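Engineer: Coordinates in run_7.cif, mmCIF, N, CA and C atoms, are listed below.
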```cif
data_model
loop_
_atom_site.label_atom_id
_atom_site.label_comp_id
_atom_site.auth_asym_id
_atom_site.auth_seq_id
_atom_site.Cartn_x
_atom_site.Cartn_y
_atom_site.Cartn_z
N GLN A 9 8.58 19.89 -30.96
CA GLN A 9 8.99 19.97 -29.57
C GLN A 9 7.87 19.44 -28.68
N VAL A 10 8.24 18.55 -27.79
CA VAL A 10 7.28 17.98 -26.86
C VAL A 10 7.34 18.74 -25.55
N HIS A 11 6.19 19.03 -25.00
CA HIS A 11 6.14 19.69 -23.70
C HIS A 11 5.68 18.70 -22.64
N LEU A 12 6.44 18.65 -21.55
CA LEU A 12 6.10 17.83 -20.39
C LEU A 12 5.86 18.78 -19.23
N VAL A 13 4.71 18.67 -18.61
CA VAL A 13 4.35 19.58 -17.53
C VAL A 13 4.09 18.78 -16.27
N GLU A 14 4.94 19.02 -15.27
CA GLU A 14 4.78 18.35 -13.99
C GLU A 14 3.86 19.14 -13.07
N SER A 15 3.19 18.44 -12.19
CA SER A 15 2.37 19.09 -11.17
C SER A 15 2.27 18.15 -9.97
N GLY A 16 1.78 18.69 -8.86
CA GLY A 16 1.55 17.87 -7.69
C GLY A 16 2.59 18.01 -6.59
N GLY A 17 3.63 18.78 -6.84
CA GLY A 17 4.63 18.99 -5.81
C GLY A 17 4.10 19.90 -4.71
N GLY A 18 4.89 20.03 -3.65
CA GLY A 18 4.49 20.90 -2.57
C GLY A 18 5.21 20.57 -1.29
N LEU A 19 4.70 21.11 -0.21
CA LEU A 19 5.25 20.89 1.12
C LEU A 19 4.46 19.79 1.82
N VAL A 20 5.16 18.81 2.34
CA VAL A 20 4.52 17.71 3.05
C VAL A 20 5.34 17.36 4.27
N GLN A 21 4.68 16.88 5.29
CA GLN A 21 5.38 16.49 6.51
C GLN A 21 6.04 15.12 6.34
N PRO A 22 7.08 14.86 7.10
CA PRO A 22 7.69 13.52 7.05
C PRO A 22 6.64 12.44 7.32
N GLY A 23 6.71 11.39 6.52
CA GLY A 23 5.72 10.32 6.62
C GLY A 23 4.52 10.52 5.73
N GLY A 24 4.42 11.69 5.12
CA GLY A 24 3.28 11.99 4.27
C GLY A 24 3.42 11.45 2.86
N SER A 25 2.43 11.78 2.04
CA SER A 25 2.37 11.28 0.66
C SER A 25 2.13 12.41 -0.31
N LEU A 26 2.59 12.20 -1.53
CA LEU A 26 2.33 13.11 -2.63
C LEU A 26 2.16 12.30 -3.89
N ARG A 27 1.37 12.83 -4.81
CA ARG A 27 1.22 12.22 -6.12
C ARG A 27 1.61 13.25 -7.17
N LEU A 28 2.67 12.97 -7.88
CA LEU A 28 3.12 13.85 -8.96
C LEU A 28 2.52 13.39 -10.28
N SER A 29 2.24 14.36 -11.14
CA SER A 29 1.72 14.07 -12.47
C SER A 29 2.63 14.71 -13.52
N CYS A 30 2.70 14.09 -14.66
CA CYS A 30 3.45 14.62 -15.80
C CYS A 30 2.56 14.48 -17.03
N ALA A 31 2.10 15.62 -17.52
CA ALA A 31 1.23 15.62 -18.70
C ALA A 31 2.05 15.94 -19.94
N ALA A 32 1.89 15.14 -20.97
CA ALA A 32 2.65 15.32 -22.21
C ALA A 32 1.79 15.97 -23.28
N SER A 33 2.44 16.70 -24.19
CA SER A 33 1.72 17.40 -25.25
C SER A 33 1.47 16.51 -26.46
N GLU A 34 1.98 15.28 -26.43
CA GLU A 34 1.67 14.32 -27.47
C GLU A 34 1.51 12.95 -26.84
N SER A 35 1.08 12.01 -27.62
CA SER A 35 0.84 10.68 -27.09
C SER A 35 2.08 10.10 -26.43
N ILE A 36 1.93 9.65 -25.20
CA ILE A 36 3.09 9.09 -24.51
C ILE A 36 3.45 7.71 -25.06
N LEU A 37 2.61 7.17 -25.91
CA LEU A 37 2.98 5.93 -26.60
C LEU A 37 4.12 6.16 -27.57
N SER A 38 4.43 7.44 -27.84
CA SER A 38 5.56 7.77 -28.70
C SER A 38 6.89 7.47 -28.04
N PHE A 39 6.86 7.27 -26.73
CA PHE A 39 8.09 7.14 -25.97
C PHE A 39 8.23 5.75 -25.38
N ASN A 40 9.39 5.17 -25.60
CA ASN A 40 9.62 3.83 -25.08
C ASN A 40 9.78 3.83 -23.57
N VAL A 41 10.41 4.88 -23.06
CA VAL A 41 10.65 4.96 -21.62
C VAL A 41 10.29 6.35 -21.11
N MET A 42 9.57 6.37 -20.01
CA MET A 42 9.33 7.62 -19.31
C MET A 42 9.80 7.44 -17.87
N GLY A 43 10.17 8.56 -17.25
CA GLY A 43 10.68 8.41 -15.90
C GLY A 43 10.63 9.68 -15.08
N TRP A 44 10.88 9.49 -13.81
CA TRP A 44 11.01 10.59 -12.86
C TRP A 44 12.44 10.62 -12.34
N TYR A 45 12.99 11.83 -12.29
CA TYR A 45 14.31 12.07 -11.74
C TYR A 45 14.17 13.19 -10.72
N ARG A 46 15.18 13.33 -9.87
CA ARG A 46 15.14 14.41 -8.90
C ARG A 46 16.53 14.99 -8.70
N GLN A 47 16.54 16.24 -8.28
CA GLN A 47 17.80 16.92 -8.02
C GLN A 47 17.66 17.75 -6.76
N ALA A 48 18.45 17.41 -5.76
CA ALA A 48 18.48 18.15 -4.51
C ALA A 48 19.55 19.23 -4.61
N PRO A 49 19.46 20.28 -3.81
CA PRO A 49 20.46 21.35 -3.86
C PRO A 49 21.86 20.81 -3.64
N GLY A 50 22.76 21.19 -4.54
CA GLY A 50 24.15 20.78 -4.41
C GLY A 50 24.44 19.36 -4.83
N LYS A 51 23.43 18.68 -5.36
CA LYS A 51 23.62 17.29 -5.78
C LYS A 51 23.30 17.12 -7.25
N GLU A 52 23.76 16.01 -7.81
CA GLU A 52 23.46 15.72 -9.21
C GLU A 52 22.05 15.17 -9.35
N ARG A 53 21.51 15.31 -10.55
CA ARG A 53 20.21 14.74 -10.82
C ARG A 53 20.31 13.21 -10.75
N GLU A 54 19.32 12.59 -10.13
CA GLU A 54 19.35 11.14 -9.98
C GLU A 54 18.01 10.52 -10.36
N LEU A 55 18.09 9.25 -10.73
CA LEU A 55 16.90 8.51 -11.11
C LEU A 55 16.03 8.23 -9.89
N VAL A 56 14.72 8.37 -10.09
CA VAL A 56 13.76 7.94 -9.07
C VAL A 56 13.07 6.65 -9.54
N ALA A 57 12.51 6.71 -10.74
CA ALA A 57 11.80 5.54 -11.27
C ALA A 57 11.58 5.72 -12.76
N THR A 58 11.51 4.60 -13.47
CA THR A 58 11.18 4.63 -14.89
C THR A 58 10.10 3.60 -15.19
N ILE A 59 9.42 3.82 -16.31
CA ILE A 59 8.41 2.87 -16.75
C ILE A 59 8.44 2.81 -18.27
N THR A 60 8.40 1.60 -18.82
CA THR A 60 8.45 1.45 -20.26
C THR A 60 7.07 1.51 -20.87
N ARG A 61 7.05 1.56 -22.20
CA ARG A 61 5.78 1.57 -22.92
C ARG A 61 4.95 0.34 -22.56
N GLY A 62 5.63 -0.75 -22.32
CA GLY A 62 4.93 -1.99 -21.97
C GLY A 62 4.54 -2.10 -20.52
N GLY A 63 4.90 -1.08 -19.72
CA GLY A 63 4.49 -1.08 -18.32
C GLY A 63 5.51 -1.63 -17.34
N TYR A 64 6.71 -1.98 -17.83
CA TYR A 64 7.74 -2.48 -16.91
C TYR A 64 8.34 -1.32 -16.15
N SER A 65 8.40 -1.43 -14.83
CA SER A 65 8.90 -0.33 -14.01
C SER A 65 10.20 -0.70 -13.31
N ASN A 66 10.95 0.34 -13.01
CA ASN A 66 12.24 0.20 -12.33
C ASN A 66 12.37 1.33 -11.33
N TYR A 67 12.92 1.03 -10.14
CA TYR A 67 13.00 2.02 -9.08
C TYR A 67 14.41 2.14 -8.53
N ALA A 68 14.75 3.35 -8.12
CA ALA A 68 15.99 3.55 -7.38
C ALA A 68 15.87 2.82 -6.04
N ASP A 69 17.00 2.32 -5.54
CA ASP A 69 16.97 1.58 -4.27
C ASP A 69 16.38 2.43 -3.15
N SER A 70 16.66 3.73 -3.18
CA SER A 70 16.20 4.61 -2.11
C SER A 70 14.69 4.78 -2.09
N MET A 71 14.03 4.45 -3.22
CA MET A 71 12.60 4.66 -3.31
C MET A 71 11.79 3.37 -3.37
N LYS A 72 12.46 2.24 -3.46
CA LYS A 72 11.74 0.96 -3.55
C LYS A 72 10.86 0.77 -2.32
N GLY A 73 9.62 0.39 -2.58
CA GLY A 73 8.67 0.17 -1.50
C GLY A 73 7.98 1.42 -1.02
N ARG A 74 8.45 2.58 -1.48
CA ARG A 74 7.83 3.84 -1.04
C ARG A 74 7.17 4.60 -2.18
N CYS A 75 7.37 4.17 -3.41
CA CYS A 75 6.73 4.89 -4.50
C CYS A 75 6.27 3.94 -5.60
N THR A 76 5.34 4.43 -6.39
CA THR A 76 4.81 3.66 -7.50
C THR A 76 4.71 4.57 -8.72
N ILE A 77 5.32 4.14 -9.81
CA ILE A 77 5.22 4.88 -11.06
C ILE A 77 4.16 4.23 -11.93
N SER A 78 3.41 5.05 -12.64
CA SER A 78 2.36 4.51 -13.51
C SER A 78 2.15 5.46 -14.68
N ARG A 79 1.48 4.96 -15.69
CA ARG A 79 1.18 5.80 -16.84
C ARG A 79 -0.23 5.52 -17.33
N ASP A 80 -0.90 6.57 -17.75
CA ASP A 80 -2.25 6.46 -18.31
C ASP A 80 -2.13 6.89 -19.76
N ASN A 81 -2.03 5.94 -20.64
CA ASN A 81 -1.82 6.25 -22.05
C ASN A 81 -2.98 7.04 -22.65
N ALA A 82 -4.17 6.79 -22.17
CA ALA A 82 -5.34 7.51 -22.70
C ALA A 82 -5.31 8.98 -22.35
N LYS A 83 -4.69 9.30 -21.22
CA LYS A 83 -4.60 10.70 -20.79
C LYS A 83 -3.24 11.32 -21.08
N ASP A 84 -2.35 10.53 -21.67
CA ASP A 84 -0.99 11.03 -21.98
C ASP A 84 -0.33 11.60 -20.73
N THR A 85 -0.48 10.89 -19.65
CA THR A 85 0.01 11.36 -18.36
C THR A 85 0.72 10.23 -17.61
N MET A 86 1.80 10.60 -16.95
CA MET A 86 2.53 9.68 -16.10
C MET A 86 2.42 10.17 -14.65
N TYR A 87 2.45 9.24 -13.73
CA TYR A 87 2.29 9.58 -12.32
C TYR A 87 3.42 9.00 -11.47
N LEU A 88 3.61 9.62 -10.32
CA LEU A 88 4.51 9.06 -9.31
C LEU A 88 3.83 9.23 -7.95
N GLN A 89 3.40 8.14 -7.39
CA GLN A 89 2.82 8.15 -6.05
C GLN A 89 3.94 7.89 -5.06
N MET A 90 4.16 8.83 -4.16
CA MET A 90 5.22 8.70 -3.17
C MET A 90 4.61 8.66 -1.77
N ASN A 91 5.03 7.69 -0.99
CA ASN A 91 4.54 7.52 0.37
C ASN A 91 5.71 7.50 1.35
N SER A 92 5.39 7.63 2.62
CA SER A 92 6.42 7.58 3.68
C SER A 92 7.59 8.50 3.35
N LEU A 93 7.25 9.72 2.97
CA LEU A 93 8.29 10.65 2.54
C LEU A 93 9.21 11.05 3.68
N LYS A 94 10.47 11.26 3.31
CA LYS A 94 11.51 11.62 4.27
C LYS A 94 12.10 12.98 3.89
N ALA A 95 12.77 13.60 4.83
CA ALA A 95 13.40 14.89 4.55
C ALA A 95 14.38 14.79 3.38
N GLU A 96 15.05 13.67 3.28
CA GLU A 96 16.03 13.49 2.19
C GLU A 96 15.38 13.31 0.82
N ASP A 97 14.07 13.23 0.77
CA ASP A 97 13.37 13.19 -0.52
C ASP A 97 13.13 14.59 -1.07
N THR A 98 13.48 15.60 -0.30
CA THR A 98 13.32 16.98 -0.75
C THR A 98 14.19 17.24 -1.97
N ALA A 99 13.56 17.70 -3.04
CA ALA A 99 14.28 17.92 -4.30
C ALA A 99 13.30 18.50 -5.32
N VAL A 100 13.85 18.92 -6.44
CA VAL A 100 13.02 19.22 -7.60
C VAL A 100 12.88 17.93 -8.39
N TYR A 101 11.65 17.56 -8.69
CA TYR A 101 11.37 16.33 -9.40
C TYR A 101 11.05 16.64 -10.86
N TYR A 102 11.74 15.92 -11.75
CA TYR A 102 11.62 16.16 -13.18
C TYR A 102 11.03 14.95 -13.89
N CYS A 103 10.21 15.23 -14.86
CA CYS A 103 9.66 14.21 -15.73
C CYS A 103 10.53 14.10 -16.98
N ASN A 104 10.72 12.89 -17.46
CA ASN A 104 11.53 12.65 -18.66
C ASN A 104 10.83 11.67 -19.57
N ALA A 105 10.98 11.91 -20.87
CA ALA A 105 10.42 11.00 -21.87
C ALA A 105 11.47 10.73 -22.94
N LYS A 106 11.69 9.47 -23.24
CA LYS A 106 12.74 9.08 -24.18
C LYS A 106 12.21 8.11 -25.24
N GLU A 107 12.69 8.28 -26.46
CA GLU A 107 12.55 7.28 -27.50
C GLU A 107 13.93 7.14 -28.12
N PRO A 108 14.75 6.27 -27.57
CA PRO A 108 16.16 6.18 -27.97
C PRO A 108 16.38 5.93 -29.46
N LEU A 109 15.52 5.12 -30.07
CA LEU A 109 15.72 4.80 -31.48
C LEU A 109 15.64 6.04 -32.37
N LEU A 110 14.85 7.03 -31.94
CA LEU A 110 14.69 8.26 -32.70
C LEU A 110 15.48 9.40 -32.08
N LYS A 111 16.27 9.08 -31.06
CA LYS A 111 17.08 10.08 -30.35
C LYS A 111 16.22 11.21 -29.82
N ARG A 112 15.08 10.88 -29.28
CA ARG A 112 14.20 11.88 -28.69
C ARG A 112 14.34 11.77 -27.17
N ASP A 113 14.54 12.91 -26.55
CA ASP A 113 14.80 12.95 -25.10
C ASP A 113 14.30 14.30 -24.59
N TYR A 114 13.25 14.29 -23.79
CA TYR A 114 12.63 15.53 -23.35
C TYR A 114 12.51 15.57 -21.83
N TRP A 115 12.58 16.80 -21.31
CA TRP A 115 12.46 17.02 -19.87
C TRP A 115 11.38 18.06 -19.58
N GLY A 116 10.74 17.89 -18.44
CA GLY A 116 9.83 18.91 -17.97
C GLY A 116 10.59 19.98 -17.20
N GLN A 117 9.86 20.96 -16.70
CA GLN A 117 10.49 22.08 -16.01
C GLN A 117 10.73 21.79 -14.54
N GLY A 118 10.15 20.73 -14.03
CA GLY A 118 10.36 20.34 -12.64
C GLY A 118 9.29 20.84 -11.70
N THR A 119 9.10 20.09 -10.61
CA THR A 119 8.18 20.50 -9.56
C THR A 119 8.86 20.26 -8.22
N GLN A 120 8.75 21.23 -7.35
CA GLN A 120 9.46 21.17 -6.06
C GLN A 120 8.69 20.30 -5.07
N VAL A 121 9.42 19.40 -4.44
CA VAL A 121 8.88 18.61 -3.34
C VAL A 121 9.72 18.92 -2.11
N THR A 122 9.05 19.37 -1.06
CA THR A 122 9.74 19.69 0.19
C THR A 122 9.12 18.88 1.31
N VAL A 123 9.95 18.10 1.99
CA VAL A 123 9.49 17.28 3.10
C VAL A 123 10.06 17.88 4.38
N SER A 124 9.18 18.44 5.17
CA SER A 124 9.63 19.14 6.37
C SER A 124 8.48 19.26 7.36
N SER A 125 8.85 19.25 8.63
CA SER A 125 7.83 19.44 9.66
C SER A 125 7.75 20.92 10.05
#
```
Show me this structure written as structure tokens.
Structural biologist:
Amino acid sequence: QVHLVESGGGLVQPGGSLRLSCAASESILSFNVMGWYRQAPGKERELVATITRGGYSNYADSMKGRCTISRDNAKDTMYLQMNSLKAEDTAVYYCNAKEPLLKRDYWGQGTQVTVSS
């Protein structure tokens, strides 16, 4: 069982920034794709951004230009830098790690991000 632990969430004012971290209990090179998802109250979980083992990144349209996903393979940690945050970015943010060929799919417990003045 792989453990993914998110951190870095909190309360931030509109226009502010946050950096989320996701620390894995094993080498993140084990996973072809890692990503961040979020779920707001009363809504379905949605994609924020993904990054492949090779470093290729993909972003939801709502977050393009406002966030950057990255991974530090040496630290087995993935990051999400979010800028120009809006109230509608308020949600629980989840870390995900996948290796489809081995049918491995893991989720973290989530970290709350609240954007409010």
Engineer: Please return as an MDAnalysis selection string: the residues of chain A that backbone DSSP assigns to strand (DSSP E).
Structural biologist: chainID A and resid 12:15 18:20 26:32 41:47 54:60 65:67 75:80 85:90 99:107 112:115 119:123
Engineer: So that I can check the surroundings of Leu12 in chain A, please list as a VMD selection string every protein, DNA and RNA residue that reaches within 5 Å of it, counting only N, CA and C atoms and ignoring chain neighbours fewer than 6 positions away.
Structural biologist: chain A and resid 31 to 32 116
Engineer: Starting from the PyMOL selection byres ((chain A and resi 75-78) around 7), expand the selection into actual residues of this file and give them as a PyMOL selection string.
Structural biologist: chain A and resi 57-59+65+71-74+79-80+85-91
Engineer: Using all atoms listed in the file for the distances, tell me which of A:Lys51, A:Arg27, A:Lys83, A:Lys94 is nearest to Ser15 in chain A.
Structural biologist: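 That would be A:Arg27, the residue with the smallest distance to Ser15 in chain A.
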Engineer: Around all the atoms of range 73-81 of chain A listed in the file, draw an axis-aligned box and extend it by 3 Å on each of the six sides; I want its centre and edge lengths in Å to one decimal, as AutoDock Vina command-line options.
Structural biologist:
```
--center_x 3.3 --center_y 3.6 --center_z -11.8 --size_x 18.6 --size_y 12.9 --size_z 27.6
```
Engineer: Could you tell me which residues the PyMOL selection byres ((chain A and resi 46) around 6.5) returns for this structure, as a PDB file with N, CA and C atoms, in the coordinates of the input?
Structural biologist:
```
ATOM      1  N   TRP A  44      10.880   9.490 -13.810  1.00  0.00           N
ATOM      2  CA  TRP A  44      11.010  10.590 -12.860  1.00  0.00           C
ATOM      3  C   TRP A  44      12.440  10.620 -12.340  1.00  0.00           C
ATOM      4  N   TYR A  45      12.990  11.830 -12.290  1.00  0.00           N
ATOM      5  CA  TYR A  45      14.310  12.070 -11.740  1.00  0.00           C
ATOM      6  C   TYR A  45      14.170  13.190 -10.720  1.00  0.00           C
ATOM      7  N   GLN A  47      16.540  16.240  -8.280  1.00  0.00           N
ATOM      8  CA  GLN A  47      17.800  16.920  -8.020  1.00  0.00           C
ATOM      9  C   GLN A  47      17.660  17.750  -6.760  1.00  0.00           C
ATOM     10  N   ALA A  48      18.450  17.410  -5.760  1.00  0.00           N
ATOM     11  CA  ALA A  48      18.480  18.150  -4.510  1.00  0.00           C
ATOM     12  C   ALA A  48      19.550  19.230  -4.610  1.00  0.00           C
ATOM     13  N   GLU A  52      23.760  16.010  -7.810  1.00  0.00           N
ATOM     14  CA  GLU A  52      23.460  15.720  -9.210  1.00  0.00           C
ATOM     15  C   GLU A  52      22.050  15.170  -9.350  1.00  0.00           C
ATOM     16  N   ARG A  53      21.510  15.310 -10.550  1.00  0.00           N
ATOM     17  CA  ARG A  53      20.210  14.740 -10.820  1.00  0.00           C
ATOM     18  C   ARG A  53      20.310  13.210 -10.750  1.00  0.00           C
ATOM     19  N   GLU A  54      19.320  12.590 -10.130  1.00  0.00           N
ATOM     20  CA  GLU A  54      19.350  11.140  -9.980  1.00  0.00           C
ATOM     21  C   GLU A  54      18.010  10.520 -10.360  1.00  0.00           C
ATOM     22  N   LEU A  55      18.090   9.250 -10.730  1.00  0.00           N
ATOM     23  CA  LEU A  55      16.900   8.510 -11.110  1.00  0.00           C
ATOM     24  C   LEU A  55      16.030   8.230  -9.890  1.00  0.00           C
ATOM     25  N   VAL A  56      14.720   8.370 -10.090  1.00  0.00           N
ATOM     26  CA  VAL A  56      13.760   7.940  -9.070  1.00  0.00           C
ATOM     27  C   VAL A  56      13.070   6.650  -9.540  1.00  0.00           C
ATOM     28  N   ALA A  99      13.560  17.700  -3.040  1.00  0.00           N
ATOM     29  CA  ALA A  99      14.280  17.920  -4.300  1.00  0.00           C
ATOM     30  C   ALA A  99      13.300  18.500  -5.320  1.00  0.00           C
ATOM     31  N   VAL A 100      13.850  18.920  -6.440  1.00  0.00           N
ATOM     32  CA  VAL A 100      13.020  19.220  -7.600  1.00  0.00           C
ATOM     33  C   VAL A 100      12.880  17.930  -8.390  1.00  0.00           C
ATOM     34  N   TYR A 101      11.650  17.560  -8.690  1.00  0.00           N
ATOM     35  CA  TYR A 101      11.370  16.330  -9.400  1.00  0.00           C
ATOM     36  C   TYR A 101      11.050  16.640 -10.860  1.00  0.00           C
ATOM     37  N   TYR A 102      11.740  15.920 -11.750  1.00  0.00           N
ATOM     38  CA  TYR A 102      11.620  16.160 -13.180  1.00  0.00           C
ATOM     39  C   TYR A 102      11.030  14.950 -13.890  1.00  0.00           C
TER      40      TYR A 102
END
```
Engineer: With distances taken over only C-alpha atoms, which of A:Ile36, A:Leu109, A:Thr119, A:Pro49 is nearest to Glu14 in chain A?
Structural biologist: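 Selected residue with least distance to Glu14 in chain A: A:Thr119.
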